[in-house]
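One file, protein-v3.cif, is given below (mmCIF, C-alpha atoms and all ligand atoms).
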data_entry
#
loop_
_atom_site.group_PDB
_atom_site.id
_atom_site.type_symbol
_atom_site.label_atom_id
_atom_site.label_comp_id
_atom_site.auth_asym_id
_atom_site.auth_seq_id
_atom_site.Cartn_x
_atom_site.Cartn_y
_atom_site.Cartn_z
ATOM 1 C CA MET A 24 82.647 -132.971 3.708
ATOM 2 C CA SER A 25 79.288 -133.205 5.378
ATOM 3 C CA GLY A 26 76.230 -133.395 3.159
ATOM 4 C CA ALA A 27 74.065 -131.817 5.838
ATOM 5 C CA GLY A 28 74.212 -128.353 4.334
ATOM 6 C CA ARG A 29 72.768 -129.594 1.053
ATOM 7 C CA ASN A 30 69.638 -131.006 2.713
ATOM 8 C CA PRO A 31 67.902 -128.220 4.636
ATOM 9 C CA GLY A 32 65.120 -129.348 6.902
ATOM 10 C CA ARG A 33 66.177 -132.973 7.034
ATOM 11 C CA CYS A 34 67.577 -134.973 9.873
ATOM 12 C CA ILE A 35 70.505 -137.175 9.012
ATOM 13 C CA THR A 36 71.555 -140.406 10.671
ATOM 14 C CA HIS A 37 74.992 -141.883 10.499
ATOM 15 C CA ARG A 38 76.671 -144.855 12.143
ATOM 16 C CA ALA A 39 80.152 -144.267 13.550
ATOM 17 C CA GLY A 40 82.078 -146.628 15.786
ATOM 18 C CA GLY A 41 79.001 -148.778 16.264
ATOM 19 C CA THR A 42 76.877 -145.915 17.613
ATOM 20 C CA LEU A 43 73.912 -144.486 15.724
ATOM 21 C CA HIS A 44 73.490 -140.723 15.946
ATOM 22 C CA ARG A 45 70.923 -138.283 14.680
ATOM 23 C CA ALA A 46 71.674 -134.653 13.916
ATOM 24 C CA PRO A 47 69.623 -131.776 12.520
ATOM 25 C CA ALA A 48 70.599 -130.440 9.143
ATOM 26 C CA MET A 49 72.371 -127.073 9.236
ATOM 27 C CA LEU A 50 71.533 -124.095 7.071
ATOM 28 C CA HIS A 51 73.676 -121.374 5.500
ATOM 29 C CA GLN A 52 77.053 -122.859 6.322
ATOM 30 C CA ALA A 53 80.267 -121.107 5.387
ATOM 31 C CA PRO A 54 83.024 -123.326 4.005
ATOM 32 C CA GLY A 55 85.001 -125.013 6.727
ATOM 33 C CA THR A 56 82.559 -124.222 9.553
ATOM 34 C CA GLU A 57 80.407 -127.353 9.410
ATOM 35 C CA HIS A 58 82.516 -129.147 11.981
ATOM 36 C CA PRO A 59 82.253 -127.738 15.498
ATOM 37 C CA LEU A 60 85.086 -128.124 17.950
ATOM 38 C CA MET A 61 84.476 -130.066 21.136
ATOM 39 C CA PRO A 62 85.770 -129.178 23.629
ATOM 40 C CA SER A 63 87.314 -125.745 23.057
ATOM 41 C CA PRO A 64 91.082 -125.163 22.765
ATOM 42 C CA ILE A 65 90.908 -123.908 26.370
ATOM 43 C CA GLY A 66 89.465 -127.220 27.538
ATOM 44 C CA HIS A 67 91.983 -129.212 25.536
ATOM 45 C CA GLY A 68 94.867 -127.126 26.846
ATOM 46 C CA LEU A 69 93.669 -127.582 30.408
ATOM 47 C CA ALA A 70 93.483 -131.323 29.893
ATOM 48 C CA GLY A 71 97.000 -131.311 28.422
ATOM 49 C CA VAL A 72 98.475 -129.495 31.418
ATOM 50 C CA SER A 73 96.650 -131.844 33.789
ATOM 51 C CA VAL A 74 98.024 -134.879 31.988
ATOM 52 C CA ALA A 75 101.561 -133.435 32.096
ATOM 53 C CA TRP A 76 101.352 -132.856 35.838
ATOM 54 C CA LEU A 77 99.802 -136.269 36.499
ATOM 55 C CA ALA A 78 102.224 -138.179 34.268
ATOM 56 C CA THR A 79 105.293 -136.225 35.366
ATOM 57 C CA PRO A 80 104.626 -134.425 38.670
ATOM 58 C CA ARG A 81 108.086 -132.826 38.572
ATOM 59 C CA ALA A 82 107.387 -131.263 35.188
ATOM 60 C CA GLY A 83 108.229 -127.588 35.035
ATOM 61 C CA ARG A 84 106.543 -124.716 33.269
ATOM 62 C CA SER A 85 108.116 -125.426 29.858
ATOM 63 C CA LEU A 86 106.832 -128.985 29.677
ATOM 64 C CA ALA A 87 103.390 -127.971 30.978
ATOM 65 C CA ILE A 88 103.061 -125.274 28.302
ATOM 66 C CA ALA A 89 104.278 -127.691 25.621
ATOM 67 C CA CYS A 90 101.703 -130.263 26.713
ATOM 68 C CA ALA A 91 98.908 -127.682 26.694
ATOM 69 C CA LEU A 92 99.814 -126.694 23.122
ATOM 70 C CA LEU A 93 100.127 -130.318 22.036
ATOM 71 C CA ALA A 94 96.729 -131.147 23.535
ATOM 72 C CA ALA A 95 95.076 -128.408 21.504
ATOM 73 C CA SER A 96 97.108 -128.952 18.332
ATOM 74 C CA PRO A 97 95.097 -131.736 16.599
ATOM 75 C CA ASP A 98 92.392 -129.188 15.759
ATOM 76 C CA ILE A 99 94.821 -127.394 13.465
ATOM 77 C CA ASP A 100 93.244 -129.528 10.742
ATOM 78 C CA VAL A 101 90.252 -127.152 10.638
ATOM 79 C CA LEU A 102 92.559 -124.690 8.880
ATOM 80 C CA PHE A 103 92.794 -127.154 6.001
ATOM 81 C CA GLY A 104 89.060 -127.671 5.563
ATOM 82 C CA SER A 105 88.754 -131.029 7.324
ATOM 83 C CA HIS A 106 88.401 -132.122 10.915
ATOM 84 C CA ARG A 107 88.995 -135.164 13.113
ATOM 85 C CA GLY A 108 91.020 -136.946 10.449
ATOM 86 C CA PRO A 109 94.666 -138.096 10.647
ATOM 87 C CA THR A 110 95.600 -135.554 13.333
ATOM 88 C CA HIS A 111 93.035 -137.267 15.572
ATOM 89 C CA SER A 112 94.578 -140.745 15.275
ATOM 90 C CA LEU A 113 96.632 -143.014 17.501
ATOM 91 C CA ALA A 114 99.310 -142.933 14.805
ATOM 92 C CA ALA A 115 99.677 -139.195 15.425
ATOM 93 C CA VAL A 116 100.076 -139.905 19.150
ATOM 94 C CA VAL A 117 102.957 -142.276 18.367
ATOM 95 C CA LEU A 118 104.626 -139.699 16.105
ATOM 96 C CA VAL A 119 104.323 -136.961 18.728
ATOM 97 C CA SER A 120 105.756 -139.258 21.424
ATOM 98 C CA ALA A 121 108.689 -140.208 19.201
ATOM 99 C CA ALA A 122 109.421 -136.591 18.314
ATOM 100 C CA ALA A 123 109.258 -135.602 21.994
ATOM 101 C CA ALA A 124 111.670 -138.412 22.904
ATOM 102 C CA MET A 125 114.166 -137.299 20.264
ATOM 103 C CA PHE A 126 113.890 -133.666 21.385
ATOM 104 C CA ALA A 127 114.388 -134.625 25.044
ATOM 105 C CA THR A 128 117.378 -136.819 24.207
ATOM 106 C CA ALA A 129 119.024 -133.964 22.327
ATOM 107 C CA ARG A 130 118.461 -131.663 25.316
ATOM 108 C CA LYS A 131 119.655 -134.338 27.796
ATOM 109 C CA LEU A 132 116.229 -134.453 29.469
ATOM 110 C CA PRO A 133 114.552 -137.653 30.724
ATOM 111 C CA ALA A 134 113.314 -138.875 27.334
ATOM 112 C CA ALA A 135 110.846 -141.483 28.584
ATOM 113 C CA ARG A 136 109.047 -139.110 30.913
ATOM 114 C CA VAL A 137 108.961 -136.240 28.408
ATOM 115 C CA ALA A 138 107.701 -138.578 25.671
ATOM 116 C CA ALA A 139 105.031 -139.998 27.991
ATOM 117 C CA ALA A 140 103.831 -136.559 29.071
ATOM 118 C CA CYS A 141 103.709 -135.218 25.495
ATOM 119 C CA GLY A 142 102.136 -138.365 24.055
ATOM 120 C CA LEU A 143 99.488 -138.554 26.770
ATOM 121 C CA ALA A 144 98.727 -134.834 26.443
ATOM 122 C CA TYR A 145 98.169 -135.288 22.693
ATOM 123 C CA ALA A 146 96.104 -138.421 23.339
ATOM 124 C CA SER A 147 93.908 -136.492 25.779
ATOM 125 C CA HIS A 148 92.597 -134.542 22.795
ATOM 126 C CA LEU A 149 91.416 -137.757 21.155
ATOM 127 C CA VAL A 150 89.724 -138.929 24.350
ATOM 128 C CA LEU A 151 87.903 -135.650 24.930
ATOM 129 C CA ASP A 152 86.732 -135.434 21.308
ATOM 130 C CA TRP A 153 85.589 -139.063 21.482
ATOM 131 C CA LEU A 154 83.534 -138.211 24.574
ATOM 132 C CA GLY A 155 82.141 -134.986 23.114
ATOM 133 C CA LYS A 156 78.972 -134.206 21.230
ATOM 134 C CA ASP A 157 79.243 -134.145 17.452
ATOM 135 C CA SER A 158 76.532 -133.024 15.048
ATOM 136 C CA ALA A 159 78.482 -132.986 11.773
ATOM 137 C CA THR A 160 79.073 -136.033 9.635
ATOM 138 C CA PRO A 161 81.163 -138.104 9.704
ATOM 139 C CA TYR A 162 80.697 -138.312 13.473
ATOM 140 C CA GLY A 163 83.671 -138.863 15.731
ATOM 141 C CA ILE A 164 87.419 -139.140 15.180
ATOM 142 C CA MET A 165 89.449 -141.157 12.670
ATOM 143 C CA ALA A 166 91.277 -142.933 15.498
ATOM 144 C CA LEU A 167 92.755 -145.836 13.531
ATOM 145 C CA TRP A 168 94.087 -143.916 10.518
ATOM 146 C CA PRO A 169 95.942 -144.968 8.330
ATOM 147 C CA PHE A 170 94.691 -148.530 8.878
ATOM 148 C CA SER A 171 91.015 -147.547 8.826
ATOM 149 C CA LEU A 172 89.089 -144.475 7.683
ATOM 150 C CA GLN A 173 86.229 -145.239 10.064
ATOM 151 C CA HIS A 174 85.219 -142.526 12.521
ATOM 152 C CA PHE A 175 84.605 -143.369 16.175
ATOM 153 C CA SER A 176 82.346 -141.595 18.653
ATOM 154 C CA SER A 177 81.344 -142.697 22.149
ATOM 155 C CA GLY A 178 77.909 -141.077 21.935
ATOM 156 C CA ALA A 179 78.401 -139.946 25.565
ATOM 157 C CA ASP A 180 78.071 -136.228 24.658
ATOM 158 C CA LEU A 181 80.056 -135.370 27.785
ATOM 159 C CA PHE A 182 81.309 -132.142 26.213
ATOM 160 C CA LEU A 183 79.104 -129.819 24.181
ATOM 161 C CA GLU A 184 80.101 -128.386 20.843
ATOM 162 C CA ILE A 185 81.993 -125.147 20.245
ATOM 163 C CA SER A 186 80.285 -123.644 17.216
ATOM 164 C CA ARG A 187 82.203 -121.767 14.534
ATOM 165 C CA ARG A 188 78.989 -120.479 12.913
ATOM 166 C CA TYR A 189 79.730 -116.871 13.826
ATOM 167 C CA TRP A 190 76.686 -115.516 11.996
ATOM 168 C CA ASN A 191 74.376 -117.237 14.489
ATOM 169 C CA ARG A 192 74.749 -114.910 17.480
ATOM 170 C CA ASP A 193 72.856 -117.042 20.029
ATOM 171 C CA GLU A 194 74.703 -120.187 19.066
ATOM 172 C CA PHE A 195 78.116 -118.540 18.765
ATOM 173 C CA ILE A 196 78.017 -116.471 21.968
ATOM 174 C CA LEU A 197 75.515 -118.001 24.360
ATOM 175 C CA GLY A 198 75.896 -121.565 23.135
ATOM 176 C CA ASN A 199 79.679 -121.465 23.232
ATOM 177 C CA LEU A 200 79.626 -119.812 26.665
ATOM 178 C CA ARG A 201 77.445 -122.651 27.957
ATOM 179 C CA SER A 202 79.782 -125.220 26.400
ATOM 180 C CA LEU A 203 82.844 -123.512 27.907
ATOM 181 C CA ILE A 204 81.315 -123.371 31.408
ATOM 182 C CA LEU A 205 80.437 -127.057 31.246
ATOM 183 C CA GLU A 206 83.896 -128.150 30.123
ATOM 184 C CA LEU A 207 85.584 -125.984 32.761
ATOM 185 C CA ALA A 208 83.306 -127.505 35.412
ATOM 186 C CA LEU A 209 84.459 -130.945 34.300
ATOM 187 C CA LEU A 210 88.151 -130.228 33.746
ATOM 188 C CA LEU A 211 89.111 -127.608 36.348
ATOM 189 C CA PRO A 212 88.742 -129.996 39.326
ATOM 190 C CA ILE A 213 91.021 -132.491 37.572
ATOM 191 C CA ALA A 214 93.566 -129.749 36.816
ATOM 192 C CA ALA A 215 93.418 -128.551 40.430
ATOM 193 C CA LEU A 216 94.050 -132.059 41.762
ATOM 194 C CA ALA A 217 96.971 -132.510 39.361
ATOM 195 C CA TYR A 218 98.415 -129.133 40.342
ATOM 196 C CA PHE A 219 98.201 -129.773 44.097
ATOM 197 C CA ARG A 220 99.893 -133.124 43.538
ATOM 198 C CA LYS A 221 102.620 -131.424 41.528
ATOM 199 C CA ILE A 222 103.415 -128.567 43.934
ATOM 200 C CA ARG A 223 104.295 -131.095 46.603
ATOM 201 C CA ARG A 224 107.369 -131.887 44.505
ATOM 202 C CA ASN A 225 110.089 -129.694 43.077
ATOM 203 C CA SER A 226 110.097 -128.740 39.404
ATOM 204 C CA VAL A 227 113.270 -129.766 37.669
ATOM 205 C CA PHE A 228 112.549 -129.354 33.919
HETATM 206 ZN ZN ZN B 1 89.592 -132.211 17.854
#

As structure tokens - that is how I would like this structure written.
Ligand SMILES: [Zn+2]
Amino acid sequence: MSGAGRNPGRCITHRAGGTLHRAPAMLHQAPGTEHPLMPSPIGHGLAGVSVAWLATPRAGRSLAIACALLAASPDIDVLFGSHRGPTHSLAAVVLVSAAAAMFATARKLPAARVAAACGLAYASHLVLDWLGKDSATPYGIMALWPFSLQHFSSGADLFLEISRRYWNRDEFILGNLRSLILELALLLPIAALAYFRKIRRNSVF
């Protein structure tokens, strides 16, 4: 849990993944809202669909929807009071790929391609979070769990934060709208390219 809320008025520095960050302390935080999302579930879902279409151009609607859900799913950890822990690790990517392969085998689908699409869609979440801005300690994602508890962040701040501090109207509405527009500007062109590549082939599953 971040200590930022216990130190109003201070700026806190923290080293994660070799990158030093500075973040303003946050006031009046409700439990579980210290950690912003970045990007939003919409951005993650869009990235997941794009990855599915790029990895498996003949993927049909079912696989695309599954990949969108998988790409957004690591943030389910916010429901349990933590964020960017084990669900944001490469180990989780391996587990998701293995589960997808077993599911595809049982349904007599091409296991390798389904596993690759699902695994890469899940991994896209890690990449986008790693590239995103983060102002709550510990910064970044726990990419190497369970072998290391270190958090990694690129410091690139390519995606802005999606605040869950609903009591701050400007931050919650205007700030999140700005973040959403930026992530759509970055991800929609990629999704469009993936889609146009896909529609040149027939969907089979
Ligand atoms: Zn996340």

Original post:
Once you count all atoms listed in the file, which residues end up within 9 Å of ligand ZN 1 (chain B), and could you hand them over as a VMD selection string?
Top reply: chain A and resid 59 to 64 67 95 to 101 106 to 108 110 to 111 148 to 149 151 to 153 164

Result set, the PyMOL selection byres (((chain A and resi 171) around 12) and not hetatm) on current file, as an mmCIF file with C-alpha atoms, in the coordinates of the input:
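Result file is selection_2.cif:
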data_model
loop_
_atom_site.group_PDB
_atom_site.id
_atom_site.type_symbol
_atom_site.label_atom_id
_atom_site.label_comp_id
_atom_site.auth_asym_id
_atom_site.auth_seq_id
_atom_site.Cartn_x
_atom_site.Cartn_y
_atom_site.Cartn_z
ATOM 1 C CA GLY A 40 82.078 -146.628 15.786
ATOM 2 C CA GLY A 108 91.020 -136.946 10.449
ATOM 3 C CA PRO A 109 94.666 -138.096 10.647
ATOM 4 C CA SER A 112 94.578 -140.745 15.275
ATOM 5 C CA LEU A 113 96.632 -143.014 17.501
ATOM 6 C CA ALA A 114 99.310 -142.933 14.805
ATOM 7 C CA ILE A 164 87.419 -139.140 15.180
ATOM 8 C CA MET A 165 89.449 -141.157 12.670
ATOM 9 C CA ALA A 166 91.277 -142.933 15.498
ATOM 10 C CA LEU A 167 92.755 -145.836 13.531
ATOM 11 C CA TRP A 168 94.087 -143.916 10.518
ATOM 12 C CA PRO A 169 95.942 -144.968 8.330
ATOM 13 C CA PHE A 170 94.691 -148.530 8.878
ATOM 14 C CA LEU A 172 89.089 -144.475 7.683
ATOM 15 C CA GLN A 173 86.229 -145.239 10.064
ATOM 16 C CA HIS A 174 85.219 -142.526 12.521
ATOM 17 C CA PHE A 175 84.605 -143.369 16.175
#

Subject >> Between atom CA of A:Ser158 and atom CA of A:Val74, distance in Å (one decimal) >> reply: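 Atom-to-atom, atom CA of A:Ser158 and atom CA of A:Val74 are spaced 27.4 Å apart.
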
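A straight line drawn from atom CA of A:Ala134 to atom CA of A:Ile65 is 27.0 Å long.
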
Starting from the shown file, work through the PyMOL selection byres (((chain A and resi 75-84) around 12) and not hetatm) and note down what comes out as a short mmCIF file (atom, residue, chain, number, x, y, z; two decimals) with C-alpha atoms, in the frame of the given file.
data_model
loop_
_atom_site.label_atom_id
_atom_site.label_comp_id
_atom_site.auth_asym_id
_atom_site.auth_seq_id
_atom_site.Cartn_x
_atom_site.Cartn_y
_atom_site.Cartn_z
CA GLY A 68 94.87 -127.13 26.85
CA LEU A 69 93.67 -127.58 30.41
CA ALA A 70 93.48 -131.32 29.89
CA GLY A 71 97.00 -131.31 28.42
CA VAL A 72 98.48 -129.50 31.42
CA SER A 73 96.65 -131.84 33.79
CA VAL A 74 98.02 -134.88 31.99
CA SER A 85 108.12 -125.43 29.86
CA LEU A 86 106.83 -128.99 29.68
CA ALA A 87 103.39 -127.97 30.98
CA ILE A 88 103.06 -125.27 28.30
CA ALA A 89 104.28 -127.69 25.62
CA CYS A 90 101.70 -130.26 26.71
CA ALA A 91 98.91 -127.68 26.69
CA LEU A 92 99.81 -126.69 23.12
CA LEU A 93 100.13 -130.32 22.04
CA ALA A 94 96.73 -131.15 23.54
CA LEU A 132 116.23 -134.45 29.47
CA PRO A 133 114.55 -137.65 30.72
CA ALA A 134 113.31 -138.88 27.33
CA ALA A 135 110.85 -141.48 28.58
CA ARG A 136 109.05 -139.11 30.91
CA VAL A 137 108.96 -136.24 28.41
CA ALA A 138 107.70 -138.58 25.67
CA ALA A 139 105.03 -140.00 27.99
CA ALA A 140 103.83 -136.56 29.07
CA CYS A 141 103.71 -135.22 25.50
CA GLY A 142 102.14 -138.36 24.06
CA LEU A 143 99.49 -138.55 26.77
CA ALA A 144 98.73 -134.83 26.44
CA TYR A 145 98.17 -135.29 22.69
CA ALA A 146 96.10 -138.42 23.34
CA SER A 147 93.91 -136.49 25.78
CA ILE A 213 91.02 -132.49 37.57
CA ALA A 214 93.57 -129.75 36.82
CA ALA A 215 93.42 -128.55 40.43
CA LEU A 216 94.05 -132.06 41.76
CA ALA A 217 96.97 -132.51 39.36
CA TYR A 218 98.42 -129.13 40.34
CA PHE A 219 98.20 -129.77 44.10
CA ARG A 220 99.89 -133.12 43.54
CA LYS A 221 102.62 -131.42 41.53
CA ILE A 222 103.42 -128.57 43.93
CA ARG A 223 104.30 -131.10 46.60
CA ARG A 224 107.37 -131.89 44.50
CA ASN A 225 110.09 -129.69 43.08
CA SER A 226 110.10 -128.74 39.40
CA VAL A 227 113.27 -129.77 37.67
CA PHE A 228 112.55 -129.35 33.92
#

Subject >> Output of the PyMOL selection byres (((chain A and resi 180) around 10) and not hetatm), listed as an NGL selection string >> reply: :A and (61 or 151-157 or 176-179 or 181-184)

Which centre and which edge lengths, in Å to one decimal, describe the axis-aligned box that holds all listed atoms of stretch 167-174 of chain A after 6 Å is added on each side, as lines of an AutoDock Vina configuration file?
center_x = 90.6
center_y = -145.5
center_z = 10.6
size_x = 22.7
size_y = 18.0
size_z = 17.8

Original post:
Do you have the atom CA of A:Phe103-atom CA of A:Ser186 distance handy?
Top reply: 17.2 Å
